[in-house]
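Asker: Sharing a structure with you now.
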Protein chains: 2
Amino acid sequence: MPVPTITWEGGEEGSAHLIDQTLLPESYRIVECRTAAAMWDAIKRLAVRGAPAIGVAAAFGAYLGIQHSSAATGADLEAELLRTCDTLATARPTAVNLFWALNRMKRAAASGRHLDAPSLRRRLFEEASRILDEDRAICRKLGEVGRGLVRDSGSYVTHCNAGGLATADYGTALAVFYAAKDEGKRFTVYADETRPLLQGARLTAWELHESGVPVTVIADGMAASLMKSRKIDAVFVGADRIARNGDTANKIGTYSLALVARAHAVPFYVVAPISTFDLTLAHGGLIPIEERDASEVTQMAGKRVVPEGVPVWNPAFDVTPAALIAGIVTECGLIEAPSAERIAAVFTTGRATN
Amino acid sequence: MPVPTITWEGGEEGSAHLIDQTLLPESYRIVECRTAAAMWDAIKRLAVRGAPAIGVAAAFGAYLGIQHSSAATGADLEAELLRTCDTLATARPTAVNLFWALNRMKRAAASGRHLDAPSLRRRLFEEASRILDEDRAICRKLGEVGRGLVRDSGSYVTHCNAGGLATADYGTALAVFYAAKDEGKRFTVYADETRPLLQGARLTAWELHESGVPVTVIADGMAASLMKSRKIDAVFVGADRIARNGDTANKIGTYSLALVARAHAVPFYVVAPISTFDLTLAHGGLIPIEERDASEVTQMAGKRVVPEGVPVWNPAFDVTPAALIAGIVTECGLIEAPSAERIAAVFTTGRATN
């Protein structure tokens with residue numbers, strides 16, 4: 001690591017380059033996005049996924065929407081940007097970073113609407129680039145804050161992919177592992193395969209293995225048995241949206257893993273940038289949960305595994321109550337035993353004070 | 001239902017006919033087994049699976065091993081049967097019904113070793129046929145005992161396939177649903193897809209749907225979210241081996257489901273014939289757990305989903321502690337809050353007295 005999950009090449013006239021994560025680990029292919037529509041499609045079909053990476057992708061998607069604009073004024077360019085943002089916002093409903101990044105682009109446009117169009121265009125390019133750079137810096141900081149939670153010779157479980165592939169750089173949950181490895185610690189990670197789309201088997205196993213971190217894949221239903229039969233020190237997962245009280249939406253199966261961890265007294269940590277918090281939502285029950293197409297469950301590598309005519313329920317995310325979370329690792333520090341009060345304090349002071 | 005999971009055709013000179021469950025739901029194909037080796041292979045590769053059906057298959061497998069014997073005496077025939085049984089016993093290590101059925105065949109041989117070879121051969125055929133007939137009767141009885149636990153308009157979760165396809169007839173856990181349906185009750189069943197081999201998606205969904213019971217498939221990691229967001233009345237699962245104290249080995253993922261059910265105060269029921277109990281084992285920690293080939297997790301419909309070089313942990317079963325089990329439905333009645341004392345009482349009196 002880092003793998004170039006999402007990069008921008010060619011300056012203001014350039015384009016975004018993404019690893020097509022739907023093809024991993026069988027093939028490693030870079031998709032170039034030259035239009036907002038191409039970026040919308042990449043987000044929608046999960047070629048790029050993971051809350052922070054979606055934020056970066058959305059910011060560049062917004063820029064692509066106005067890159068070749070013939071708008072005469074800054075105000076016209078802003079109007080075009082807003083339309084592009086409205087479209088991009090429909091790609092995934094749960095990851096708050098998508099909206100957070102689009103809002104940053106909109107604010108940059110609003111603050112520059114008095115500029116001429118080329119100047120505002122440059123400012124929007126700089127804002128998207130800044131979001132990318134900040135994501136890289138935040139990943140490193142998450143690793144720094146969290147690495148003390150990993151012990152030498154420990155064993156850990158993670159779910160889905162909250163790694164370099166989910167961000168522009170080092171990852172969120174996996175940043176903790178990369179930073180601990182950089183300190184010279186040796187440990188083992190068990191990766192839930194993460195049905196239905198197998199991000200754990202395909203992506204987490206791939207990037208940890210490539211980085212020299214010992215990783216073993218298990219089916220999602222095996223974590224309970226694993227915790228009973230082998231010593232597991234902690235669980236680290238990412239997040240797609242965190243409510244004001246610490247309730248955390250993440251990939252489906254996370255809540256189940258949190259319950260299983262609690263039953264075995266295994267500490268359960270969420271690792272996420274501050275941009276993942278949605279302070280407008282009082283609790284996790286208010287987080288919109290994306291339901292995805294049944295074919296993700298009924299088909300496997302093109303082969304039908306559920307009989308014709310049988311329905312499927314396929315929510316992409318679930319919500320883990322704050323009470324099951326030992327701590328949230330953020331770039332502002334570790335929020336232990338997260339609660340509305342402790343989270344509010346971080347937003348007030350800019351740092352977690354446990 | 002019933003589907004002809006395993007039948008015997010052609011009398012003493014005949015052969016066993018099995019649905020090849022590895023091909024469902026894509027294709028429905030009957031495999032004919034004419035030798036003990038063919039039956040060993042069918043059990044090993046899960047063409048026939050489910051603890052009770054494995055018992056029936058093993059009994060006929062043992063008979064096939066001596067069907068064309070040229071043994072001169074009953075004692076010689078018994079010796080051949082013992083050798084066949086030793087081989088068949090290696091096919092699957094966890095399902096106790098396999099050993100239970102082979103022991104019945106051995107006892108029948110021991111009691112008839114004074115007979116001439118043709119008479120003993122007939123007796124062994126009759127014993128295998130009796131095991132099949134008893135399994136059918138037990139399935140019906142399990143349904144009768146358990147159907148009162150299903151309410152009209154209720155919603156239920158099941159894991160793996162403890163249905164007609166797991167037995168010679170009506171199933172164990174699914175027998176409860178079939179019997180409740182026969183009473184005119186209407187209800188919904190959520191079937192965990194059951195990774196890695198998808199017996200829930202492929203087999204349970206298939207047979208419930210064929211039988212007109214509304215069934216919805218979910219990925220294993222979705223059960224917790226399901227129980228939080230929709231009212232679930234109970235969980236029903238089968239068992240591969242039950243220790244003296246009620247600890248229950250069943251398909252991997254069952255223990256996780258039991259923990260999740262407990263967290264949501266959803267009663268968790270095991271449905272299994274008395275032959276599933278192994279009174280030689282004081283607790284579930286002593287049940288041998290089969291570990292199966294990594295390829296079950298790393299390959300999906302022939303496509304590699306785990307990167308080369310990444311190991312997999314693939315236990316086929318886990319153990320649910322008795323403390324998480326609301327009751328065990330047996331042909332002798334419902335053993336509520338199972339414990340060593342209550343289980344011993346059933347074996348002493350022949351019935352559960354709650």
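Here, A, B, ... name the chains of the structure tokens in the order displayed, residue numbers run from 1 inside each chain, and ligands are numbered from 1 in the same displayed order.
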For Phe347 (chain A), please output as a PyMOL selection string all residues within 10 Å (counting only C-alpha atoms; exclusion window: fewer than 2 positions along the same chain).

Answerer: chain A and resi 274+277+279+332+342-345+349-352

Asker: Keeping only N, CA and C atoms, take the residues you just selected and write them out as a CSV table (one decimal), in the first residue's frame.

Answerer:
chain,number,residue,atom,x,y,z
A,274,ILE,N,-13.7,12.2,10.5
A,274,ILE,CA,-14.8,13.0,11.0
A,274,ILE,C,-15.9,13.3,10.0
A,277,PHE,N,-19.3,11.5,10.1
A,277,PHE,CA,-20.4,11.8,11.1
A,277,PHE,C,-21.4,12.7,10.4
A,279,LEU,N,-24.2,14.9,11.9
A,279,LEU,CA,-24.8,15.4,13.1
A,279,LEU,C,-26.2,15.8,13.0
A,332,CYS,N,-9.1,13.0,14.9
A,332,CYS,CA,-9.1,13.9,16.0
A,332,CYS,C,-8.8,13.1,17.3
A,342,ARG,N,-19.9,12.9,24.0
A,342,ARG,CA,-18.5,12.8,23.6
A,342,ARG,C,-18.2,13.2,22.2
A,343,ILE,N,-19.2,12.8,21.3
A,343,ILE,CA,-19.0,13.2,19.9
A,343,ILE,C,-19.2,14.7,19.8
A,344,ALA,N,-20.2,15.3,20.5
A,344,ALA,CA,-20.3,16.7,20.4
A,344,ALA,C,-19.1,17.4,20.9
A,345,ALA,N,-18.4,16.9,21.9
A,345,ALA,CA,-17.2,17.5,22.4
A,345,ALA,C,-16.1,17.5,21.4
A,349,THR,N,-14.3,20.9,20.3
A,349,THR,CA,-12.9,21.2,20.6
A,349,THR,C,-11.9,20.8,19.5
A,350,GLY,N,-12.4,20.0,18.6
A,350,GLY,CA,-11.5,19.5,17.5
A,350,GLY,C,-10.7,18.3,17.9
A,351,ARG,N,-10.9,17.8,19.2
A,351,ARG,CA,-10.1,16.6,19.5
A,351,ARG,C,-10.9,15.8,20.6
A,352,ALA,N,-10.6,14.5,20.5
A,352,ALA,CA,-11.2,13.5,21.5
A,352,ALA,C,-10.4,13.6,22.8

Asker: For Ala201 (chain A), list every protein, DNA or RNA residue within 7 Å, evaluated using only C-alpha atoms, and leave out those in the same chain fewer than 5 positions away; present the list as a list in words.

Answerer: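 My list of contacting residues is Ala191, Asp192, Glu193 and Val217 of chain A; Val305 and Val306 of chain B.
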
Asker: Give me the residues within 8 Å of region 149-154 of chain B as an mmCIF file with all heavy atoms, in the first residue's frame, counting only C-alpha atoms and dropping any in the same chain fewer than 4 places off.

Answerer:
data_model
loop_
_atom_site.group_PDB
_atom_site.id
_atom_site.type_symbol
_atom_site.label_atom_id
_atom_site.label_comp_id
_atom_site.auth_asym_id
_atom_site.auth_seq_id
_atom_site.Cartn_x
_atom_site.Cartn_y
_atom_site.Cartn_z
ATOM 1 N N VAL B 176 -41.335 -28.857 10.724
ATOM 2 C CA VAL B 176 -42.180 -28.002 11.559
ATOM 3 C C VAL B 176 -42.985 -27.053 10.669
ATOM 4 O O VAL B 176 -44.193 -26.866 10.875
ATOM 5 C CB VAL B 176 -41.294 -27.227 12.562
ATOM 6 C CG1 VAL B 176 -42.098 -26.159 13.292
ATOM 7 C CG2 VAL B 176 -40.641 -28.194 13.548
ATOM 8 N N PHE B 177 -42.317 -26.487 9.640
ATOM 9 C CA PHE B 177 -43.028 -25.584 8.732
ATOM 10 C C PHE B 177 -44.060 -26.347 7.889
ATOM 11 O O PHE B 177 -45.177 -25.885 7.707
ATOM 12 C CB PHE B 177 -42.045 -24.846 7.816
ATOM 13 C CG PHE B 177 -41.078 -23.951 8.551
ATOM 14 C CD1 PHE B 177 -39.728 -23.956 8.239
ATOM 15 C CD2 PHE B 177 -41.523 -23.097 9.563
ATOM 16 C CE1 PHE B 177 -38.837 -23.121 8.913
ATOM 17 C CE2 PHE B 177 -40.639 -22.269 10.250
ATOM 18 C CZ PHE B 177 -39.290 -22.285 9.916
ATOM 19 N N ALA B 180 -47.007 -27.156 10.038
ATOM 20 C CA ALA B 180 -47.805 -25.957 10.347
ATOM 21 C C ALA B 180 -48.621 -25.545 9.125
ATOM 22 O O ALA B 180 -49.779 -25.133 9.236
ATOM 23 C CB ALA B 180 -46.899 -24.817 10.802
ATOM 24 N N LYS B 185 -51.880 -22.886 8.584
ATOM 25 C CA LYS B 185 -51.241 -21.635 8.973
ATOM 26 C C LYS B 185 -50.493 -21.029 7.798
ATOM 27 O O LYS B 185 -49.952 -21.739 6.954
ATOM 28 C CB LYS B 185 -50.263 -21.874 10.129
ATOM 29 C CG LYS B 185 -50.955 -22.218 11.441
ATOM 30 C CD LYS B 185 -49.938 -22.602 12.497
ATOM 31 C CE LYS B 185 -50.614 -23.047 13.783
ATOM 32 N NZ LYS B 185 -49.701 -23.822 14.639
ATOM 33 N N ARG B 186 -50.447 -19.695 7.771
ATOM 34 C CA ARG B 186 -49.689 -18.970 6.753
ATOM 35 C C ARG B 186 -48.607 -18.175 7.461
ATOM 36 O O ARG B 186 -48.863 -17.519 8.469
ATOM 37 C CB ARG B 186 -50.609 -18.033 5.970
ATOM 38 C CG ARG B 186 -51.691 -18.770 5.209
ATOM 39 C CD ARG B 186 -52.787 -17.819 4.759
ATOM 40 N NE ARG B 186 -52.266 -16.884 3.781
ATOM 41 C CZ ARG B 186 -52.409 -17.020 2.461
ATOM 42 N NH1 ARG B 186 -53.092 -18.038 1.979
ATOM 43 N NH2 ARG B 186 -51.895 -16.142 1.624
ATOM 44 N N PHE B 187 -47.419 -18.210 6.930
ATOM 45 C CA PHE B 187 -46.290 -17.556 7.601
ATOM 46 C C PHE B 187 -45.176 -17.406 6.578
ATOM 47 O O PHE B 187 -45.274 -17.917 5.456
ATOM 48 C CB PHE B 187 -45.818 -18.393 8.801
ATOM 49 C CG PHE B 187 -45.639 -19.845 8.470
ATOM 50 C CD1 PHE B 187 -44.413 -20.323 8.023
ATOM 51 C CD2 PHE B 187 -46.712 -20.737 8.544
ATOM 52 C CE1 PHE B 187 -44.255 -21.650 7.668
ATOM 53 C CE2 PHE B 187 -46.558 -22.070 8.189
ATOM 54 C CZ PHE B 187 -45.333 -22.522 7.753
ATOM 55 N N THR B 188 -44.128 -16.678 6.970
ATOM 56 C CA THR B 188 -42.993 -16.425 6.076
ATOM 57 C C THR B 188 -41.727 -17.006 6.683
ATOM 58 O O THR B 188 -41.516 -16.919 7.891
ATOM 59 C CB THR B 188 -42.816 -14.903 5.889
ATOM 60 O OG1 THR B 188 -43.943 -14.413 5.174
ATOM 61 C CG2 THR B 188 -41.544 -14.586 5.108
ATOM 62 N N ILE B 232 -39.433 -11.004 14.056
ATOM 63 C CA ILE B 232 -39.156 -12.418 13.802
ATOM 64 C C ILE B 232 -39.596 -13.203 15.029
ATOM 65 O O ILE B 232 -39.255 -12.845 16.160
ATOM 66 C CB ILE B 232 -37.650 -12.640 13.513
ATOM 67 C CG1 ILE B 232 -37.215 -11.869 12.256
ATOM 68 C CG2 ILE B 232 -37.333 -14.126 13.376
ATOM 69 C CD1 ILE B 232 -37.875 -12.324 10.957
ATOM 70 N N ASP B 233 -40.386 -14.265 14.812
ATOM 71 C CA ASP B 233 -40.987 -14.973 15.935
ATOM 72 C C ASP B 233 -40.100 -16.063 16.508
ATOM 73 O O ASP B 233 -40.164 -16.345 17.705
ATOM 74 C CB ASP B 233 -42.330 -15.569 15.490
ATOM 75 C CG ASP B 233 -43.334 -14.476 15.191
ATOM 76 O OD1 ASP B 233 -43.911 -13.939 16.153
ATOM 77 O OD2 ASP B 233 -43.524 -14.126 14.009
#

Asker: Counting only C-alpha atoms, which residues of chain A sit at most 7 Å from some atom of chain B, and what is each one's closest atom pair with its distance in Å to one decimal, listed by chain and rising residue number, as a tab-separated table?

Answerer:
residue	atom	partner	partner_atom	distance
A:Pro25	CA	B:Pro307	CA	5.7
A:Glu26	CA	B:Arg304	CA	6.9
A:Arg195	CA	B:Ala219	CA	6.3
A:Pro196	CA	B:Ala219	CA	6.6
A:Ala201	CA	B:Val306	CA	5.0
A:Arg202	CA	B:Val306	CA	5.4
A:Ala205	CA	B:Pro307	CA	6.8
A:Trp206	CA	B:Pro307	CA	5.8
A:His209	CA	B:Val310	CA	6.9
A:Val215	CA	B:Val310	CA	6.6
A:Thr216	CA	B:Pro311	CA	5.0
A:Val217	CA	B:Val312	CA	4.7
A:Ile218	CA	B:Trp313	CA	5.6
A:Ala219	CA	B:Arg195	CA	6.3
A:Asp220	CA	B:Gly221	CA	6.3
A:Gly221	CA	B:Gly253	CA	4.0
A:Met222	CA	B:Gly253	CA	5.7
A:Ala224	CA	B:Ser256	CA	5.3
A:Ser225	CA	B:Asp318	CA	6.0
A:Ile252	CA	B:Met222	CA	6.2
A:Gly253	CA	B:Gly221	CA	4.0
A:Tyr255	CA	B:Ala224	CA	6.7
A:Ser256	CA	B:Ala224	CA	5.3
A:Leu259	CA	B:Val260	CA	6.6
A:Val260	CA	B:Leu259	CA	6.6
A:Met300	CA	B:Ala301	CA	6.6
A:Ala301	CA	B:Ala301	CA	5.9
A:Lys303	CA	B:Ala301	CA	6.7
A:Arg304	CA	B:Glu26	CA	6.9
A:Val305	CA	B:Arg202	CA	5.5
A:Val306	CA	B:Ala201	CA	5.0
A:Pro307	CA	B:Pro25	CA	5.7
A:Val310	CA	B:Thr216	CA	6.2
A:Pro311	CA	B:Thr216	CA	5.0
A:Val312	CA	B:Val217	CA	4.7
A:Trp313	CA	B:Ile218	CA	5.6
A:Asn314	CA	B:Ile218	CA	6.8
A:Asp318	CA	B:Ser225	CA	6.0

Asker: I need the residues from that last selection saved to file as a compact mmCIF listing (two decimals), in the first residue's frame (with N, CA, C and O atoms), if you can.

Answerer:
# COMPACT_ATOMS: atom_id res chain seq x y z
N PRO A 25 -10.10 -9.93 -7.33
CA PRO A 25 -8.66 -10.00 -7.56
C PRO A 25 -8.29 -10.63 -8.91
O PRO A 25 -7.12 -10.79 -9.19
N GLU A 26 -9.29 -10.97 -9.73
CA GLU A 26 -8.97 -11.66 -10.98
C GLU A 26 -8.18 -10.78 -11.93
O GLU A 26 -7.21 -11.24 -12.53
N ARG A 195 -20.44 -11.17 2.26
CA ARG A 195 -21.48 -11.33 1.26
C ARG A 195 -22.40 -10.12 1.27
O ARG A 195 -22.55 -9.49 2.30
N PRO A 196 -23.01 -9.81 0.13
CA PRO A 196 -22.95 -10.59 -1.11
C PRO A 196 -21.79 -10.26 -2.06
O PRO A 196 -21.49 -11.09 -2.90
N ALA A 201 -13.19 -10.84 0.87
CA ALA A 201 -12.42 -11.89 0.19
C ALA A 201 -11.62 -11.31 -0.98
O ALA A 201 -10.45 -11.63 -1.17
N ARG A 202 -12.28 -10.44 -1.75
CA ARG A 202 -11.66 -9.95 -2.97
C ARG A 202 -10.67 -8.81 -2.71
O ARG A 202 -9.57 -8.80 -3.25
N ALA A 205 -8.46 -9.01 1.44
CA ALA A 205 -7.45 -10.07 1.37
C ALA A 205 -6.37 -9.67 0.36
O ALA A 205 -5.18 -9.87 0.60
N TRP A 206 -6.78 -9.09 -0.74
CA TRP A 206 -5.83 -8.70 -1.78
C TRP A 206 -4.86 -7.64 -1.27
O TRP A 206 -3.64 -7.80 -1.36
N HIS A 209 -2.62 -8.88 1.74
CA HIS A 209 -1.65 -9.86 1.25
C HIS A 209 -0.54 -9.17 0.46
O HIS A 209 0.64 -9.43 0.66
N VAL A 215 -3.12 -12.59 6.32
CA VAL A 215 -4.58 -12.49 6.31
C VAL A 215 -5.17 -13.85 5.99
O VAL A 215 -4.63 -14.58 5.15
N THR A 216 -6.25 -14.19 6.69
CA THR A 216 -6.99 -15.43 6.45
C THR A 216 -8.43 -15.05 6.20
O THR A 216 -8.99 -14.24 6.94
N VAL A 217 -9.02 -15.63 5.17
CA VAL A 217 -10.41 -15.32 4.84
C VAL A 217 -11.35 -16.32 5.52
O VAL A 217 -11.05 -17.51 5.59
N ILE A 218 -12.45 -15.80 6.06
CA ILE A 218 -13.51 -16.66 6.60
C ILE A 218 -14.84 -16.23 6.01
O ILE A 218 -15.01 -15.08 5.60
N ALA A 219 -15.80 -17.17 5.99
CA ALA A 219 -17.17 -16.78 5.63
C ALA A 219 -17.75 -16.00 6.81
O ALA A 219 -17.33 -16.19 7.96
N ASP A 220 -18.71 -15.13 6.53
CA ASP A 220 -19.22 -14.23 7.55
C ASP A 220 -19.75 -14.98 8.78
O ASP A 220 -19.58 -14.54 9.91
N GLY A 221 -20.37 -16.12 8.53
CA GLY A 221 -20.96 -16.89 9.63
C GLY A 221 -19.94 -17.61 10.50
O GLY A 221 -20.31 -18.26 11.47
N MET A 222 -18.66 -17.50 10.18
CA MET A 222 -17.62 -18.21 10.94
C MET A 222 -17.03 -17.37 12.06
O MET A 222 -16.30 -17.90 12.91
N ALA A 224 -18.16 -16.02 14.75
CA ALA A 224 -18.53 -16.40 16.12
C ALA A 224 -17.71 -17.61 16.56
O ALA A 224 -17.15 -17.65 17.66
N SER A 225 -17.64 -18.58 15.69
CA SER A 225 -16.90 -19.80 15.99
C SER A 225 -15.40 -19.49 16.16
O SER A 225 -14.72 -20.04 17.03
N ILE A 252 -23.45 -4.32 5.38
CA ILE A 252 -24.31 -5.35 5.96
C ILE A 252 -23.44 -6.49 6.54
O ILE A 252 -22.48 -6.92 5.91
N GLY A 253 -23.80 -6.91 7.73
CA GLY A 253 -23.04 -7.95 8.42
C GLY A 253 -22.21 -7.38 9.56
O GLY A 253 -21.78 -8.12 10.45
N TYR A 255 -23.22 -5.28 11.96
CA TYR A 255 -23.99 -5.33 13.21
C TYR A 255 -23.94 -6.74 13.81
O TYR A 255 -23.73 -6.93 15.01
N SER A 256 -24.08 -7.73 12.94
CA SER A 256 -23.98 -9.12 13.38
C SER A 256 -22.61 -9.38 14.01
O SER A 256 -22.50 -9.99 15.08
N LEU A 259 -22.40 -7.86 17.48
CA LEU A 259 -23.09 -8.67 18.49
C LEU A 259 -22.24 -9.87 18.89
O LEU A 259 -22.14 -10.22 20.07
N VAL A 260 -21.65 -10.50 17.89
CA VAL A 260 -20.82 -11.68 18.12
C VAL A 260 -19.58 -11.30 18.93
O VAL A 260 -19.15 -12.02 19.84
N MET A 300 -24.23 -15.94 -8.83
CA MET A 300 -22.86 -16.05 -8.39
C MET A 300 -22.01 -16.37 -9.61
O MET A 300 -22.16 -17.44 -10.20
N ALA A 301 -21.15 -15.39 -9.96
CA ALA A 301 -20.33 -15.55 -11.16
C ALA A 301 -21.20 -15.99 -12.34
O ALA A 301 -20.85 -16.88 -13.11
N LYS A 303 -23.94 -17.61 -12.36
CA LYS A 303 -24.71 -18.84 -12.15
C LYS A 303 -25.82 -18.55 -11.13
O LYS A 303 -25.57 -17.89 -10.12
N ARG A 304 -27.02 -19.02 -11.42
CA ARG A 304 -28.13 -18.78 -10.51
C ARG A 304 -28.02 -19.72 -9.30
O ARG A 304 -27.91 -20.92 -9.46
N VAL A 305 -28.05 -19.15 -8.08
CA VAL A 305 -27.97 -19.98 -6.88
C VAL A 305 -29.23 -19.92 -6.03
O VAL A 305 -29.38 -20.69 -5.08
N VAL A 306 -30.14 -19.01 -6.36
CA VAL A 306 -31.44 -18.95 -5.69
C VAL A 306 -32.48 -19.31 -6.74
O VAL A 306 -32.42 -18.79 -7.86
N PRO A 307 -33.40 -20.22 -6.40
CA PRO A 307 -34.38 -20.64 -7.43
C PRO A 307 -35.18 -19.46 -7.98
O PRO A 307 -35.45 -18.50 -7.26
N VAL A 310 -38.04 -16.91 -6.18
CA VAL A 310 -37.83 -16.73 -4.74
C VAL A 310 -37.27 -15.32 -4.50
O VAL A 310 -36.24 -14.96 -5.06
N PRO A 311 -37.95 -14.51 -3.66
CA PRO A 311 -37.45 -13.16 -3.41
C PRO A 311 -36.24 -13.14 -2.48
O PRO A 311 -35.95 -14.11 -1.78
N VAL A 312 -35.55 -12.02 -2.52
CA VAL A 312 -34.34 -11.80 -1.74
C VAL A 312 -34.47 -10.46 -1.04
O VAL A 312 -35.06 -9.53 -1.60
N TRP A 313 -33.95 -10.35 0.17
CA TRP A 313 -33.85 -9.07 0.85
C TRP A 313 -32.38 -8.70 0.84
O TRP A 313 -31.56 -9.50 1.30
N ASN A 314 -32.03 -7.54 0.29
CA ASN A 314 -30.62 -7.23 0.09
C ASN A 314 -30.25 -5.80 0.51
O ASN A 314 -29.87 -4.97 -0.31
N ASP A 318 -26.04 -2.09 7.49
CA ASP A 318 -26.82 -2.20 8.71
C ASP A 318 -26.27 -1.18 9.70
O ASP A 318 -25.27 -0.51 9.42

Asker: Report the residues of region 148-280 of chain B whose backbone DSSP state falls under strand (DSSP E or B), written as an NGL selection string.

Answerer: :B and (155-158 or 188-192 or 215-218 or 234-237 or 241-243 or 248-251 or 268-271 or 277-278)

Asker: If we count only C-alpha atoms and set the cut-off at 9 Å, which residues sit around Gly65 (chain A), ignoring sequence neighbours fewer than 4 positions away in its own chain? Please answer as a list in words.

Answerer: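 The residues that qualify are Thr35, Ala36, Ala37, Phe60, Gly61, Ser69, Glu80, Leu81, Arg83, Thr84 and Cys85 of chain A.
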
Asker: Do a neighbour search on Lys231 (chain B) at 10 Å with only C-alpha atoms, toss out local chain neighbours closer than 6 positions, and write the hits as a PDB file with N, CA and C atoms, in the first residue's frame.

Answerer:
ATOM      1  N   GLY B 154     -46.848 -15.530  11.300  1.00  0.00           N
ATOM      2  CA  GLY B 154     -45.522 -15.360  11.889  1.00  0.00           C
ATOM      3  C   GLY B 154     -44.421 -15.274  10.845  1.00  0.00           C
ATOM      4  N   SER B 155     -43.214 -14.890  11.316  1.00  0.00           N
ATOM      5  CA  SER B 155     -42.023 -14.862  10.467  1.00  0.00           C
ATOM      6  C   SER B 155     -40.907 -15.618  11.170  1.00  0.00           C
ATOM      7  N   TYR B 156     -40.195 -16.423  10.414  1.00  0.00           N
ATOM      8  CA  TYR B 156     -39.211 -17.330  10.992  1.00  0.00           C
ATOM      9  C   TYR B 156     -37.920 -17.286  10.190  1.00  0.00           C
ATOM     10  N   HIS B 264     -31.831 -10.341  20.259  1.00  0.00           N
ATOM     11  CA  HIS B 264     -33.128  -9.745  19.905  1.00  0.00           C
ATOM     12  C   HIS B 264     -34.287 -10.469  20.587  1.00  0.00           C
ATOM     13  N   VAL B 266     -35.283 -13.456  20.370  1.00  0.00           N
ATOM     14  CA  VAL B 266     -36.008 -14.351  19.464  1.00  0.00           C
ATOM     15  C   VAL B 266     -35.716 -15.796  19.884  1.00  0.00           C
TER      16      VAL B 266
END

Asker: Using only C-alpha atoms, pick whichever of B:Ala326, B:Lys44, B:Ala51, B:Thr158 has the shortest atom-to-atom distance to Ala265 (chain B).

Answerer: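 Smallest separation from Ala265 (chain B) among the options: B:Ala326.
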
Asker: Can you pull out every residue within 8 Å of Ala173 (chain B), counting only C-alpha atoms, but drop anything in the same chain fewer than 4 positions away, and send it as a ChimeraX atom specification?

Answerer: /B:158,162-163,177,236-238,270-272

Asker: For those residues, write N, CA and C atoms to a file as a PDB file, in the first residue's frame.

Answerer:
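The resulting file, selection_18.pdb, is reproduced below:
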ATOM      1  N   THR B 158     -34.437 -19.680   9.213  1.00  0.00           N
ATOM      2  CA  THR B 158     -33.766 -20.974   9.288  1.00  0.00           C
ATOM      3  C   THR B 158     -32.406 -20.849   8.615  1.00  0.00           C
ATOM      4  N   ALA B 162     -32.402 -28.058   6.636  1.00  0.00           N
ATOM      5  CA  ALA B 162     -32.832 -29.131   7.522  1.00  0.00           C
ATOM      6  C   ALA B 162     -34.227 -29.515   7.069  1.00  0.00           C
ATOM      7  N   GLY B 163     -34.318 -29.810   5.772  1.00  0.00           N
ATOM      8  CA  GLY B 163     -35.603 -30.044   5.151  1.00  0.00           C
ATOM      9  C   GLY B 163     -35.740 -31.452   4.621  1.00  0.00           C
ATOM     10  N   PHE B 177     -42.317 -26.487   9.640  1.00  0.00           N
ATOM     11  CA  PHE B 177     -43.028 -25.584   8.732  1.00  0.00           C
ATOM     12  C   PHE B 177     -44.060 -26.347   7.889  1.00  0.00           C
ATOM     13  N   PHE B 236     -35.626 -21.750  13.620  1.00  0.00           N
ATOM     14  CA  PHE B 236     -35.622 -23.213  13.658  1.00  0.00           C
ATOM     15  C   PHE B 236     -34.441 -23.723  12.836  1.00  0.00           C
ATOM     16  N   VAL B 237     -33.617 -24.561  13.432  1.00  0.00           N
ATOM     17  CA  VAL B 237     -32.487 -25.158  12.701  1.00  0.00           C
ATOM     18  C   VAL B 237     -32.433 -26.655  12.993  1.00  0.00           C
ATOM     19  N   GLY B 238     -31.698 -27.373  12.180  1.00  0.00           N
ATOM     20  CA  GLY B 238     -31.462 -28.790  12.425  1.00  0.00           C
ATOM     21  C   GLY B 238     -30.234 -28.982  13.297  1.00  0.00           C
ATOM     22  N   VAL B 270     -33.930 -25.985  18.070  1.00  0.00           N
ATOM     23  CA  VAL B 270     -33.267 -27.036  17.313  1.00  0.00           C
ATOM     24  C   VAL B 270     -34.297 -28.143  17.099  1.00  0.00           C
ATOM     25  N   VAL B 271     -34.316 -28.695  15.888  1.00  0.00           N
ATOM     26  CA  VAL B 271     -35.259 -29.773  15.584  1.00  0.00           C
ATOM     27  C   VAL B 271     -34.436 -30.961  15.112  1.00  0.00           C
ATOM     28  N   ALA B 272     -34.484 -32.067  15.845  1.00  0.00           N
ATOM     29  CA  ALA B 272     -33.617 -33.191  15.506  1.00  0.00           C
ATOM     30  C   ALA B 272     -34.137 -34.487  16.102  1.00  0.00           C
TER      31      ALA B 272
END

Asker: Which one is closest to Ala89 (chain B): B:Asp41, B:Glu32, B:Asp20, B:Asp278? Count only C-alpha atoms.

Answerer: B:Asp41

Asker: Write out as a PyMOL selection string the residues lying within 9 Å of Glu127 (chain B), counting only C-alpha atoms and excluding same-chain residues fewer than 6 positions away.

Answerer: chain B and resi 59+104-105+108

Asker: Can I get the selection written as a tab-separated table (two decimals), in the first residue's frame, with C-alpha atoms?

Answerer:
chain	number	residue	atom	x	y	z
B	59	ALA	CA	-27.16	-47.85	6.00
B	104	ARG	CA	-27.38	-50.39	13.73
B	105	MET	CA	-26.20	-52.28	10.67
B	108	ALA	CA	-28.01	-56.44	12.97
